[in-house]
file coords-v3.cif (mmCIF, C-alpha atoms)
data_query
loop_
_atom_site.label_atom_id
_atom_site.label_comp_id
_atom_site.auth_asym_id
_atom_site.auth_seq_id
_atom_site.Cartn_x
_atom_site.Cartn_y
_atom_site.Cartn_z
CA MET A 1 -64.01 -43.06 4.67
CA ASP A 2 -64.18 -39.84 2.62
CA PRO A 3 -63.33 -37.00 5.10
CA SER A 4 -65.48 -34.48 3.26
CA GLY A 5 -68.50 -36.79 3.43
CA LEU A 6 -68.00 -37.38 7.14
CA LEU A 7 -67.47 -33.68 7.93
CA SER A 8 -70.47 -32.59 5.87
CA ARG A 9 -72.63 -34.38 8.45
CA MET A 10 -71.08 -32.17 11.15
CA TYR A 11 -72.19 -29.00 9.38
CA ILE A 12 -73.20 -26.18 11.74
CA SER A 13 -75.32 -23.43 10.24
CA PHE A 14 -73.60 -20.04 10.41
CA TRP A 15 -76.82 -18.63 11.86
CA VAL A 16 -76.32 -20.66 15.06
CA PRO A 17 -73.10 -18.87 16.15
CA THR A 18 -74.64 -15.61 14.91
CA ALA A 19 -77.59 -16.09 17.27
CA VAL A 20 -75.32 -16.99 20.22
CA LEU A 21 -73.00 -14.04 19.53
CA THR A 22 -75.98 -11.70 19.25
CA ALA A 23 -77.29 -12.97 22.60
CA ALA A 24 -73.88 -12.31 24.16
CA LEU A 25 -73.85 -8.79 22.71
CA LEU A 26 -77.37 -8.05 23.98
CA ILE A 27 -76.48 -9.27 27.46
CA LYS A 28 -73.35 -7.11 27.56
CA LEU A 29 -74.91 -4.07 25.84
CA PRO A 30 -76.52 -2.38 28.90
CA THR A 31 -73.22 -2.51 30.80
CA ILE A 32 -71.27 -1.31 27.75
CA ILE A 33 -73.60 1.68 27.33
CA ARG A 34 -73.59 2.51 31.05
CA LEU A 35 -69.79 2.29 31.33
CA TRP A 36 -68.87 3.47 27.83
CA ARG A 37 -65.63 5.10 29.00
CA ASP A 38 -64.24 1.71 30.06
CA PRO A 39 -61.93 0.62 27.20
CA LEU A 40 -62.27 -3.05 28.13
CA LEU A 41 -66.06 -2.98 27.73
CA ARG A 42 -65.79 -1.05 24.46
CA ALA A 43 -63.36 -3.66 23.16
CA VAL A 44 -65.71 -6.49 24.18
CA GLY A 45 -68.61 -4.77 22.43
CA GLY A 46 -66.59 -4.21 19.27
CA LEU A 47 -65.36 -7.80 19.24
CA LEU A 48 -68.87 -9.27 19.60
CA LEU A 49 -70.34 -6.90 17.01
CA LEU A 50 -67.65 -7.74 14.45
CA ALA A 51 -67.93 -11.47 15.19
CA CYS A 52 -71.69 -11.26 14.50
CA ALA A 53 -71.03 -9.37 11.26
CA VAL A 54 -68.48 -11.97 10.13
CA PHE A 55 -70.92 -14.86 10.47
CA VAL A 56 -73.77 -12.92 8.87
CA PHE A 57 -71.71 -12.07 5.77
CA VAL A 58 -69.88 -15.40 5.37
CA ALA A 59 -73.14 -17.33 5.08
CA PRO A 60 -73.38 -18.57 1.45
CA SER A 61 -76.81 -16.96 1.02
CA THR A 62 -75.47 -13.57 2.15
CA ILE A 63 -72.39 -13.95 -0.06
CA ALA A 64 -74.63 -14.55 -3.10
CA TRP A 65 -76.86 -11.59 -2.15
CA THR A 66 -73.88 -9.21 -1.73
CA ASN A 67 -72.39 -10.25 -5.06
CA ARG A 68 -75.74 -9.82 -6.80
CA VAL A 69 -76.51 -6.42 -5.28
CA THR A 70 -73.08 -4.95 -6.11
CA GLY A 71 -72.86 -6.62 -9.49
CA VAL A 72 -69.24 -7.63 -8.81
CA PRO A 73 -68.49 -11.38 -8.70
CA ASN A 74 -66.83 -12.39 -5.44
CA ILE A 75 -66.90 -8.85 -3.97
CA SER A 76 -67.88 -10.62 -0.74
CA ALA A 77 -64.35 -11.99 -0.49
CA PRO A 78 -62.53 -8.76 0.41
CA TRP A 79 -65.55 -7.63 2.43
CA CYS A 80 -65.59 -10.79 4.57
CA TYR A 81 -61.80 -10.80 4.82
CA SER A 82 -61.94 -7.18 5.98
CA LEU A 83 -64.50 -7.98 8.67
CA LEU A 84 -62.40 -10.91 9.84
CA THR A 85 -59.29 -8.70 9.93
CA ALA A 86 -61.15 -6.05 11.92
CA PHE A 87 -62.23 -8.81 14.30
CA CYS A 88 -58.54 -9.75 14.70
CA ALA A 89 -57.71 -6.15 15.56
CA SER A 90 -60.53 -6.04 18.12
CA CYS A 91 -59.11 -9.17 19.78
CA LEU A 92 -55.75 -7.46 20.20
CA LEU A 93 -57.37 -4.22 21.41
CA LEU A 94 -59.31 -6.27 23.96
CA ILE A 95 -56.07 -7.72 25.29
CA ILE A 96 -54.46 -4.27 25.44
CA ALA A 97 -57.48 -2.88 27.29
CA TRP A 98 -57.44 -5.82 29.73
CA ARG A 99 -53.71 -5.42 30.34
CA ASN A 100 -53.88 -1.68 30.94
CA GLY A 101 -57.40 -0.32 31.38
CA LEU A 102 -58.12 3.29 32.33
CA ALA A 103 -55.60 3.34 35.16
CA ARG A 104 -52.55 2.74 32.96
CA ARG A 105 -53.05 4.83 29.84
CA SER A 106 -49.31 5.06 29.34
CA ALA A 107 -47.45 6.14 26.23
CA GLU A 108 -46.60 2.47 25.62
CA THR A 109 -50.29 1.56 25.70
CA ARG A 110 -51.20 4.32 23.26
CA ARG A 111 -48.40 3.19 20.94
CA ALA A 112 -49.70 -0.41 21.07
CA VAL A 113 -53.24 0.73 20.22
CA ARG A 114 -51.98 2.89 17.35
CA TRP A 115 -49.81 0.02 16.07
CA VAL A 116 -52.73 -2.44 16.03
CA ILE A 117 -55.10 0.02 14.35
CA SER A 118 -52.49 1.09 11.79
CA ALA A 119 -51.25 -2.41 10.97
CA TYR A 120 -54.69 -3.98 10.56
CA SER A 121 -56.06 -0.96 8.70
CA ALA A 122 -53.16 -1.37 6.26
CA VAL A 123 -54.02 -5.06 5.89
CA ILE A 124 -57.65 -4.18 5.07
CA VAL A 125 -56.55 -1.63 2.46
CA ALA A 126 -54.16 -4.20 0.96
CA LEU A 127 -56.97 -6.78 0.77
CA TRP A 128 -59.08 -4.46 -1.39
CA VAL A 129 -56.16 -3.42 -3.59
CA LEU A 130 -55.19 -7.05 -4.21
CA PHE A 131 -58.79 -8.00 -5.02
CA PHE A 132 -59.15 -5.31 -7.68
CA LEU A 133 -55.78 -6.29 -9.16
CA ALA A 134 -56.82 -9.95 -9.33
CA ASP A 135 -58.88 -11.68 -12.00
CA ALA A 136 -61.65 -13.64 -10.21
CA PRO A 137 -64.66 -13.66 -12.57
CA GLU A 138 -66.29 -16.94 -11.48
CA GLU A 139 -68.43 -16.68 -8.35
CA ARG A 140 -67.51 -19.19 -5.63
CA LEU A 141 -69.78 -19.35 -2.60
CA ARG A 142 -68.02 -22.02 -0.52
CA ASP A 143 -64.57 -22.81 -1.92
CA LEU A 144 -63.14 -19.46 -3.02
CA ASP A 145 -59.97 -19.83 -0.90
CA THR A 146 -58.87 -23.02 -2.61
CA TYR A 147 -60.37 -22.31 -6.06
CA TYR A 148 -58.33 -19.10 -6.40
CA ALA A 149 -55.36 -20.27 -4.27
CA THR A 150 -53.01 -20.14 -7.28
CA THR A 151 -54.48 -17.04 -8.96
CA PRO A 152 -52.13 -14.01 -8.93
CA PHE A 153 -53.06 -11.36 -6.36
CA MET A 154 -55.95 -13.51 -5.03
CA ARG A 155 -53.25 -15.89 -3.80
CA GLU A 156 -51.57 -13.07 -1.88
CA GLU A 157 -54.92 -11.78 -0.58
CA ILE A 158 -55.92 -15.16 0.81
CA LEU A 159 -52.52 -15.66 2.44
CA LEU A 160 -52.57 -12.14 3.90
CA TYR A 161 -55.91 -12.46 5.66
CA LEU A 162 -55.06 -15.91 7.04
CA LEU A 163 -51.68 -14.73 8.42
CA ALA A 164 -53.25 -11.59 9.96
CA HIS A 165 -55.90 -13.75 11.60
CA CYS A 166 -53.38 -16.33 12.80
CA VAL A 167 -51.07 -13.75 14.41
CA ALA A 168 -53.95 -12.09 16.31
CA VAL A 169 -55.37 -15.41 17.49
CA LEU A 170 -51.97 -16.66 18.67
CA ILE A 171 -51.36 -13.54 20.76
CA THR A 172 -54.91 -13.45 22.15
CA SER A 173 -54.93 -17.16 22.97
CA LYS A 174 -51.57 -16.97 24.76
CA LEU A 175 -52.62 -14.03 26.92
CA ILE A 176 -56.02 -15.52 27.77
CA TRP A 177 -54.42 -18.72 29.06
CA GLU A 178 -52.00 -16.62 31.10
CA TRP A 179 -55.03 -14.83 32.57
CA VAL A 180 -56.68 -18.18 33.43
CA ARG A 181 -53.69 -19.04 35.62
CA THR A 182 -53.98 -15.75 37.58
CA ASP A 183 -54.75 -16.20 41.27
CA GLY A 184 -57.90 -14.79 42.86
CA LEU A 185 -60.23 -15.02 39.86
CA ASP A 186 -63.96 -15.50 40.37
CA ALA A 187 -64.95 -19.09 39.48
CA TRP A 188 -67.43 -17.92 36.82
CA LEU A 189 -64.81 -15.63 35.26
CA ARG A 190 -62.25 -18.44 35.24
CA TRP A 191 -64.62 -20.82 33.43
CA GLY A 192 -65.55 -18.06 30.98
CA LEU A 193 -61.88 -17.47 30.23
CA LYS A 194 -61.32 -21.20 29.73
CA LEU A 195 -64.11 -21.28 27.15
CA LEU A 196 -62.61 -18.23 25.46
CA GLY A 197 -59.23 -19.96 25.43
CA VAL A 198 -60.64 -23.12 23.84
CA GLY A 199 -62.53 -20.98 21.31
CA TYR A 200 -59.35 -19.22 20.24
CA VAL A 201 -57.45 -22.52 20.03
CA LEU A 202 -60.15 -23.72 17.63
CA ASN A 203 -59.51 -20.58 15.61
CA LEU A 204 -55.94 -21.78 15.21
CA ILE A 205 -57.29 -25.09 13.87
CA PHE A 206 -59.38 -23.06 11.41
CA ASP A 207 -56.26 -21.22 10.22
CA ALA A 208 -54.24 -24.42 10.00
CA SER A 209 -56.97 -26.11 7.93
CA LYS A 210 -57.24 -23.20 5.51
CA LEU A 211 -53.47 -22.76 5.14
CA THR A 212 -52.89 -26.47 4.63
CA ALA A 213 -55.53 -26.62 1.89
CA VAL A 214 -54.12 -23.53 0.17
CA VAL A 215 -50.50 -24.76 0.31
CA ALA A 216 -51.66 -28.14 -1.01
CA ARG A 217 -53.08 -26.35 -4.05
CA TRP A 218 -49.72 -24.61 -4.55
CA THR A 219 -47.97 -28.00 -4.65
CA GLY A 220 -50.51 -29.62 -6.97
CA HIS A 221 -52.41 -31.59 -4.33
CA ASP A 222 -56.10 -31.57 -3.44
CA LEU A 223 -56.94 -31.14 0.25
CA ASP A 224 -59.87 -28.83 -0.42
CA TRP A 225 -62.03 -30.68 2.11
CA LEU A 226 -59.94 -29.12 4.91
CA SER A 227 -61.03 -25.64 3.82
CA THR A 228 -64.54 -26.44 2.61
CA HIS A 229 -65.74 -29.02 5.14
CA LEU A 230 -63.48 -28.85 8.23
CA ALA A 231 -62.80 -25.13 8.66
CA PRO A 232 -66.46 -23.89 8.64
CA PRO A 233 -67.77 -26.09 11.51
CA VAL A 234 -64.58 -25.41 13.48
CA ALA A 235 -65.12 -21.66 13.04
CA ALA A 236 -68.78 -21.97 14.05
CA LEU A 237 -67.93 -24.00 17.16
CA SER A 238 -65.17 -21.51 18.01
CA ALA A 239 -67.61 -18.59 17.80
CA ILE A 240 -70.14 -20.38 20.01
CA LEU A 241 -67.49 -21.05 22.67
CA ILE A 242 -66.24 -17.46 22.53
CA ALA A 243 -69.79 -16.12 22.88
CA VAL A 244 -70.56 -18.43 25.80
CA GLY A 245 -67.21 -17.45 27.33
CA PHE A 246 -68.37 -13.84 27.37
CA ILE A 247 -71.88 -14.75 28.59
CA LEU A 248 -70.90 -17.17 31.36
CA PRO A 249 -69.28 -14.77 33.88
CA HIS A 250 -72.14 -12.27 33.56
CA ALA A 251 -74.95 -14.86 33.61
CA GLY A 252 -73.25 -17.03 36.24
CA GLN A 253 -72.67 -14.16 38.64
CA TYR A 254 -76.22 -12.91 38.07
CA LEU A 255 -77.77 -16.33 38.77
CA HIS A 256 -75.45 -16.90 41.73
CA GLU A 257 -76.50 -13.59 43.27
CA ARG A 258 -80.19 -14.37 42.69
CA TRP A 259 -79.73 -17.79 44.28
CA ARG A 260 -77.91 -16.25 47.26
CA VAL A 261 -80.74 -13.74 47.83
CA ARG A 262 -83.46 -16.37 47.56
CA LEU A 263 -81.57 -18.73 49.86
CA ALA A 264 -81.11 -15.95 52.45
CA HIS A 265 -84.83 -15.16 52.23
CA ARG A 266 -85.72 -18.82 52.72
CA GLU A 267 -83.29 -19.25 55.63
CA LEU A 268 -84.97 -16.39 57.51
CA ARG A 269 -88.38 -18.07 57.37
CA PRO A 270 -88.26 -19.87 60.79
CA LEU A 271 -87.34 -16.67 62.64
CA TYR A 272 -89.81 -14.68 60.53
CA VAL A 273 -92.65 -17.09 61.42
CA LEU A 274 -91.73 -16.82 65.10
CA MET A 275 -91.68 -13.00 64.96
CA ARG A 276 -94.93 -12.95 63.00
CA GLY A 277 -96.55 -14.84 65.86
CA VAL A 278 -95.30 -12.18 68.26
CA ASN A 279 -96.41 -9.26 66.09
CA GLY A 280 -99.73 -10.75 65.05
CA SER A 281 -99.12 -10.09 61.34
CA GLY A 282 -96.30 -10.37 58.83
CA VAL A 283 -94.89 -8.37 55.95
CA PRO A 284 -97.59 -7.20 53.48
CA VAL A 285 -97.35 -9.02 50.14
CA VAL A 286 -96.11 -6.93 47.20
CA LEU A 287 -96.57 -8.92 44.00
CA ARG A 288 -93.98 -7.04 41.93
CA ALA A 289 -91.33 -6.86 44.63
CA THR A 290 -87.86 -8.00 43.56
CA PRO A 291 -86.12 -10.80 45.48
CA GLU A 292 -83.73 -8.22 46.97
CA LEU A 293 -86.64 -6.07 48.19
CA ARG A 294 -88.43 -9.08 49.70
CA LEU A 295 -85.24 -10.03 51.56
CA ILE A 296 -84.78 -6.48 52.88
CA ARG A 297 -88.42 -6.28 53.99
CA ARG A 298 -88.17 -9.61 55.82
CA GLU A 299 -84.90 -8.62 57.54
CA THR A 300 -86.37 -5.25 58.56
CA PHE A 301 -89.54 -6.86 59.93
CA ILE A 302 -87.56 -9.35 62.03
CA ARG A 303 -85.32 -6.66 63.50
CA ASP A 304 -88.28 -4.35 64.18
CA VAL A 305 -90.00 -7.09 66.22
CA LEU A 306 -86.81 -8.25 67.93
CA LEU A 307 -85.99 -4.83 69.33
CA PRO A 308 -88.99 -4.54 71.72
CA LEU A 309 -88.91 -8.31 72.35
CA SER A 310 -85.32 -8.04 73.58
CA ARG A 311 -86.59 -6.55 76.88
CA TYR A 312 -87.93 -10.02 77.70
CA LEU A 313 -84.61 -11.77 77.05
CA ASP A 314 -83.11 -13.68 79.98
CA GLU A 315 -79.38 -13.00 79.67
CA GLU A 316 -78.56 -15.63 82.27
CA LEU A 317 -80.46 -18.25 80.24
CA GLY A 318 -78.56 -17.14 77.15
CA ARG A 319 -75.23 -17.55 78.96
CA ARG A 320 -76.11 -21.03 80.26
CA SER A 321 -77.43 -22.07 76.84
CA HIS A 322 -74.19 -20.97 75.22
CA GLU A 323 -72.16 -23.03 77.69
CA ALA A 324 -74.51 -25.97 77.20
CA ALA A 325 -74.15 -25.81 73.39
CA LEU A 326 -70.36 -25.71 73.72
CA ALA A 327 -70.47 -28.67 76.11
CA LEU A 328 -72.52 -30.60 73.54
CA GLY A 329 -69.70 -30.16 71.02
CA HIS A 330 -71.04 -27.35 68.83
CA PRO A 331 -68.53 -24.87 67.34
CA PRO A 332 -68.45 -21.40 68.98
CA GLU A 333 -70.42 -19.61 66.25
CA ARG A 334 -73.03 -22.34 66.10
CA ALA A 335 -73.25 -22.41 69.91
CA LYS A 336 -73.82 -18.65 69.96
CA ALA A 337 -76.69 -18.96 67.45
CA LEU A 338 -78.27 -21.85 69.35
CA ALA A 339 -78.10 -19.91 72.63
CA ALA A 340 -79.71 -16.87 70.99
CA ALA A 341 -82.48 -19.05 69.53
CA VAL A 342 -83.23 -20.59 72.94
CA ALA A 343 -83.27 -17.14 74.56
CA ILE A 344 -85.60 -15.74 71.88
CA GLN A 345 -88.03 -18.65 72.24
CA ASP A 346 -88.03 -18.09 75.99
CA ALA A 347 -88.65 -14.34 75.48
CA VAL A 348 -91.61 -15.11 73.20
CA GLU A 349 -93.10 -17.30 75.94
CA ARG A 350 -92.49 -14.63 78.59
CA ARG A 351 -94.23 -12.01 76.49
CA ARG A 352 -97.13 -14.37 75.75
CA HIS A 353 -97.69 -15.01 79.47
CA SER A 354 -97.33 -11.32 80.37
CA PRO A 355 -98.83 -9.39 77.44
CA ASP A 356 -99.35 -6.24 79.48
CA SER A 357 -95.76 -6.11 80.68
CA ASP A 358 -93.12 -4.08 78.79
CA GLY A 359 -90.29 -6.30 80.02
CA THR A 360 -87.49 -5.32 82.35
CA GLY A 361 -84.30 -6.27 80.51
CA ASP A 362 -81.99 -3.97 78.58
CA PRO A 363 -79.55 -6.29 76.79
CA ASP A 364 -77.06 -5.36 74.07
CA THR A 365 -78.77 -6.56 70.88
CA THR A 366 -76.05 -5.53 68.41
CA ASP A 367 -74.78 -9.07 67.75
CA LEU A 368 -78.27 -10.55 67.80
CA LEU A 369 -79.60 -8.18 65.13
CA GLN A 370 -76.57 -8.85 62.93
CA GLU A 371 -76.80 -12.65 63.21
CA ILE A 372 -80.48 -13.18 62.46
CA GLY A 373 -79.61 -15.57 59.62
CA ALA A 374 -77.62 -17.88 61.91
CA VAL A 375 -80.35 -17.72 64.58
CA SER A 376 -83.02 -18.58 62.01
CA ARG A 377 -81.00 -21.58 60.82
CA ALA A 378 -80.70 -22.73 64.44
CA LEU A 379 -84.51 -22.63 64.76
CA ARG A 380 -84.73 -25.26 61.99
CA ARG A 381 -83.37 -27.88 64.43
CA PRO A 382 -85.86 -28.06 67.34
CA ASP A 383 -84.31 -31.33 68.55
CA VAL A 384 -80.91 -29.65 68.96
CA LEU A 385 -82.52 -26.66 70.70
CA ASP A 386 -84.32 -29.03 73.09
CA ALA A 387 -81.02 -30.70 73.94
CA VAL A 388 -79.35 -27.33 74.61
CA ARG A 389 -82.32 -26.15 76.67
CA ALA A 390 -82.36 -29.36 78.74
CA ARG A 391 -78.62 -29.16 79.46
CA ALA A 392 -78.90 -25.46 80.35
CA ALA A 393 -81.77 -26.29 82.74
CA ALA A 394 -79.75 -29.12 84.30
CA SER A 395 -76.83 -26.73 84.74
CA SER A 396 -79.15 -24.23 86.48
CA GLU A 397 -80.49 -26.89 88.83
CA SER A 398 -76.98 -28.06 89.65
CA VAL A 399 -75.97 -24.51 90.57
CA SER A 400 -79.09 -24.14 92.75
CA VAL A 401 -78.31 -27.38 94.64
CA HIS A 402 -74.72 -26.30 95.31
CA GLU A 403 -75.94 -22.98 96.59
#

call {"tool": "encode", "arguments": {"input": "coords-v3.cif", "output": "structure tokens"}}
result
Amino acid sequence: MDPSGLLSRMYISFWVPTAVLTAALLIKLPTIIRLWRDPLLRAVGGLLLLACAVFVFVAPSTIAWTNRVTGVPNISAPWCYSLLTAFCASCLLLIIAWRNGLARRSAETRRAVRWVISAYSAVIVALWVLFFLADAPEERLRDLDTYYATTPFMREEILLYLLAHCVAVLITSKLIWEWVRTDGLDAWLRWGLKLLGVGYVLNLIFDASKLTAVVARWTGHDLDWLSTHLAPPVAALSAILIAVGFILPHAGQYLHERWRVRLAHRELRPLYVLMRGVNGSGVPVVLRATPELRLIRRETFIRDVLLPLSRYLDEELGRRSHEAALALGHPPERAKALAAAVAIQDAVERRRHSPDSDGTGDPDTTDLLQEIGAVSRALRRPDVLDAVRARAAASSESVSVHE
């Protein structure tokens, strides 16, 4: 039941969160470049870039390479701590940008930005000063925090970076969960924020694990497994959740919009097929056309054919069909679409039987041209249309008998 042995099986390579964070940065990058003046997007870009850098440089192989290239044992420690501290500052700047944005660049906002930059810059400077004052000659790739937990100046350096990280994560986590409870959020954004919130809560577990292991060393106990085996996978999982939290709103909204466009294109097919029969040909195929362009071309084609066809519409049939659909229990909007579908089918038949005629009607087609989606959906239910048509015909015959 050795905790370190159990947790070692849960090891997550630092390159996994690095890859996910890089993907999140690449997805966000075009928007960040296009809207560079937006402080919120700049903060997101900085946060993702620094998070990537943290996981690149805390990998044991990169730590060994950095130490070897510089010739200074453990020089990676202040470098990684500095990156992590800068990441903390970017978290706070992200919250400030979200709270205020471009519209509220008040003196208070500028003071908050200056305070964050000044405070965390001072922490970074202090980290380097403490490192060069400390005596840490033996290279430690995985357990530096606990190995040097009682060493003068290294002790203060380790405590300083953990406290700076903990403060930033506490503030960021609190404000994110407040944001989650805001009314009117898009569903994808809300789920993205929830993942961000869980990711930052895991960061608190990371801090608690590290601090507990370090304090245990101060009191003569050995809980190094908390720092060496628990904290790294927690940090990796936290980074993955934070990256996915940033990706999800963008990717979810993109996929939702693509699905909406494709669904609208598919729903127009029954009316498109009917209009293609009237016109004799359909929309020319363009292999590289985007889904949005295909939808626009199909909508335009349908309306272009409906306009001349409208002269064959029997407005009296449309009125009776509407009443018949209402009598059959259909809601008003559905009844309106069913009546229009019946009238259009009748107009197609009239035109087919009198191809040389230009029609005599002059109906108002404003509503019809706007509701082509609803009409097309109505055409998918020929049995319902037959029932409406039969009731409308029965109503017409009843009126004729009374007359």

call {"tool": "atom_distance", "arguments": {"input": "coords-v3.cif", "atom1": "atom CA of Gly199 of chain A", "atom2": "atom CA of Arg110 of chain A"}}
result
27.8 Å

call {"tool": "resolve_selection", "arguments": {"input": "coords-v3.cif", "expression": "the PyMOL selection byres ((chain A and resi 70-73) around 9)", "output": "list of chain:residue names"}}
result
A:Ala64, A:Trp65, A:Thr66, A:Asn67, A:Arg68, A:Val69, A:Asn74, A:Ile75, A:Ser76, A:Ala136, A:Pro137, A:Glu138, A:Glu139, A:Arg140

call {"tool": "closest_atom_pairs", "arguments": {"input": "coords-v3.cif", "of": "segment 167-282 of chain A", "to": "segment 91-98 of chain A", "cutoff": "9 Å", "atoms": "all atoms listed in the file", "output": "tab-separated table"}}
result
residue	atom	partner	partner_atom	distance
A:Ala168	CA	A:Leu92	CA	6.3
A:Val169	CA	A:Cys91	CA	7.6
A:Ile171	CA	A:Leu92	CA	7.5
A:Thr172	CA	A:Leu92	CA	6.4
A:Leu175	CA	A:Ile95	CA	7.4
A:Ile176	CA	A:Ile95	CA	8.2

call {"tool": "resolve_selection", "arguments": {"input": "coords-v3.cif", "expression": "the PyMOL selection byres ((chain A and resi 51) around 10)", "output": "list in words"}}
result
Pro17, Thr18, Leu21, Thr22, Leu25, Gly45, Gly46, Leu47, Leu48, Leu49, Leu50, Cys52, Ala53, Val54, Phe55, Val56, Leu83, Leu84, Ala86, Phe87, Cys88, Ser90, Ala239, Ile242 and Ala243 of chain A

call {"tool": "resolve_selection", "arguments": {"input": "coords-v3.cif", "expression": "the PyMOL selection byres ((chain A and resi 349) around 12)", "output": "ChimeraX atom specification"}}
result
/A:274-275,277-278,309,312-314,342-348,350-355

call {"tool": "atom_distance", "arguments": {"input": "coords-v3.cif", "atom1": "atom CA of Ala390 of chain A", "atom2": "atom CA of Arg266 of chain A"}}
result
28.3 Å

call {"tool": "atom_distance", "arguments": {"input": "coords-v3.cif", "atom1": "atom CA of Ala339 of chain A", "atom2": "atom CA of Pro308 of chain A"}}
result
18.9 Å

call {"tool": "residues_around", "arguments": {"input": "coords-v3.cif", "residues": "Phe206 of chain A", "least_positions_apart": "6", "cutoff": "12 Å", "atoms": "only C-alpha atoms", "output": "number ranges by chain"}}
result
A: 162-163, 165-166, 169, 199-200, 212-213, 226-239

call {"tool": "residues_near_point", "arguments": {"input": "coords-v3.cif", "point": "(-82.8, -25.2, 63.1)", "cutoff": "10 Å", "atoms": "all atoms listed in the file", "output": "list in words"}}
result
Glu267, Pro270, Leu271, Ala337, Leu338, Ala341, Ala374, Val375, Ser376, Arg377, Ala378, Leu379, Arg380, Arg381, Pro382, Asp383, Val384 and Leu385 of chain A

call {"tool": "residues_around", "arguments": {"input": "coords-v3.cif", "residues": "segment 151-158 of chain A", "least_positions_apart": "6", "cutoff": "6 Å", "atoms": "all atoms listed in the file", "output": "number ranges by chain"}}
result
A: 127, 130, 134

call {"tool": "residues_around", "arguments": {"input": "coords-v3.cif", "residues": "segment 365-370 of chain A", "least_positions_apart": "2", "cutoff": "8 Å", "atoms": "only C-alpha atoms", "output": "ChimeraX atom specification"}}
result
/A:303,306-307,310,340,363,372

call {"tool": "residues_around", "arguments": {"input": "coords-v3.cif", "residues": "Ala264 of chain A", "least_positions_apart": "3", "cutoff": "8 Å", "atoms": "all atoms listed in the file", "output": "PyMOL selection string"}}
result
chain A and resi 260-261+267-268+295+373

call {"tool": "closest_residue", "arguments": {"input": "coords-v3.cif", "among": "A:Phe131, A:Arg391, A:Cys80, A:Ala327", "to": "Thr62 of chain A", "atoms": "all atoms listed in the file"}}
result
A:Cys80

call {"tool": "closest_residue", "arguments": {"input": "coords-v3.cif", "among": "A:Ala324, A:Ala89, A:Leu287, A:Ala335", "to": "Ala112 of chain A", "atoms": "all atoms listed in the file"}}
result
A:Ala89

call {"tool": "closest_atom_pairs", "arguments": {"input": "coords-v3.cif", "of": "segment 189-293 of chain A", "to": "segment 26-39 of chain A", "cutoff": "9 Å", "atoms": "all atoms listed in the file", "output": "tab-separated table"}}
result
residue	atom	partner	partner_atom	distance
A:Phe246	CA	A:Lys28	CA	8.4
A:Ile247	CA	A:Ile27	CA	7.2
A:His250	CA	A:Lys28	CA	8.0
A:Ala251	CA	A:Ile27	CA	8.5

call {"tool": "closest_residue", "arguments": {"input": "coords-v3.cif", "among": "A:Tyr161, A:Tyr147, A:Pro332, A:Arg142", "to": "Ala122 of chain A", "atoms": "all atoms listed in the file"}}
result
A:Tyr161

call {"tool": "closest_residue", "arguments": {"input": "coords-v3.cif", "among": "A:Thr150, A:Ser209, A:Val388, A:Ala187", "to": "His330 of chain A", "atoms": "only C-alpha atoms"}}
result
A:Val388

call {"tool": "closest_residue", "arguments": {"input": "coords-v3.cif", "among": "A:Val167, A:Asp143, A:Arg42, A:Ala149", "to": "Val215 of chain A", "atoms": "all atoms listed in the file"}}
result
A:Ala149

call {"tool": "build_atoms", "arguments": {"input": "coords-v3.cif", "residues": "segment 322-328 of chain A", "atoms": "N, CA, C and O atoms", "output": "PDB file, in the frame of the given file"}}
result
ATOM      1  N   HIS A 322     -75.440 -21.018  75.989  1.00  0.00           N
ATOM      2  CA  HIS A 322     -74.190 -20.970  75.220  1.00  0.00           C
ATOM      3  C   HIS A 322     -73.197 -21.993  75.759  1.00  0.00           C
ATOM      4  O   HIS A 322     -72.558 -22.735  74.997  1.00  0.00           O
ATOM      5  N   GLU A 323     -73.058 -22.053  77.081  1.00  0.00           N
ATOM      6  CA  GLU A 323     -72.160 -23.030  77.690  1.00  0.00           C
ATOM      7  C   GLU A 323     -72.625 -24.449  77.412  1.00  0.00           C
ATOM      8  O   GLU A 323     -71.816 -25.355  77.167  1.00  0.00           O
ATOM      9  N   ALA A 324     -73.953 -24.639  77.453  1.00  0.00           N
ATOM     10  CA  ALA A 324     -74.510 -25.970  77.200  1.00  0.00           C
ATOM     11  C   ALA A 324     -74.227 -26.411  75.749  1.00  0.00           C
ATOM     12  O   ALA A 324     -73.864 -27.561  75.496  1.00  0.00           O
ATOM     13  N   ALA A 325     -74.392 -25.485  74.796  1.00  0.00           N
ATOM     14  CA  ALA A 325     -74.150 -25.810  73.390  1.00  0.00           C
ATOM     15  C   ALA A 325     -72.673 -26.149  73.165  1.00  0.00           C
ATOM     16  O   ALA A 325     -72.348 -27.084  72.417  1.00  0.00           O
ATOM     17  N   LEU A 326     -71.785 -25.401  73.828  1.00  0.00           N
ATOM     18  CA  LEU A 326     -70.360 -25.710  73.720  1.00  0.00           C
ATOM     19  C   LEU A 326     -70.054 -27.074  74.307  1.00  0.00           C
ATOM     20  O   LEU A 326     -69.265 -27.854  73.756  1.00  0.00           O
ATOM     21  N   ALA A 327     -70.689 -27.381  75.445  1.00  0.00           N
ATOM     22  CA  ALA A 327     -70.470 -28.670  76.110  1.00  0.00           C
ATOM     23  C   ALA A 327     -70.980 -29.827  75.249  1.00  0.00           C
ATOM     24  O   ALA A 327     -70.441 -30.942  75.315  1.00  0.00           O
ATOM     25  N   LEU A 328     -71.992 -29.555  74.422  1.00  0.00           N
ATOM     26  CA  LEU A 328     -72.520 -30.600  73.540  1.00  0.00           C
ATOM     27  C   LEU A 328     -71.695 -30.768  72.265  1.00  0.00           C
ATOM     28  O   LEU A 328     -72.030 -31.594  71.417  1.00  0.00           O
TER      29      LEU A 328
END
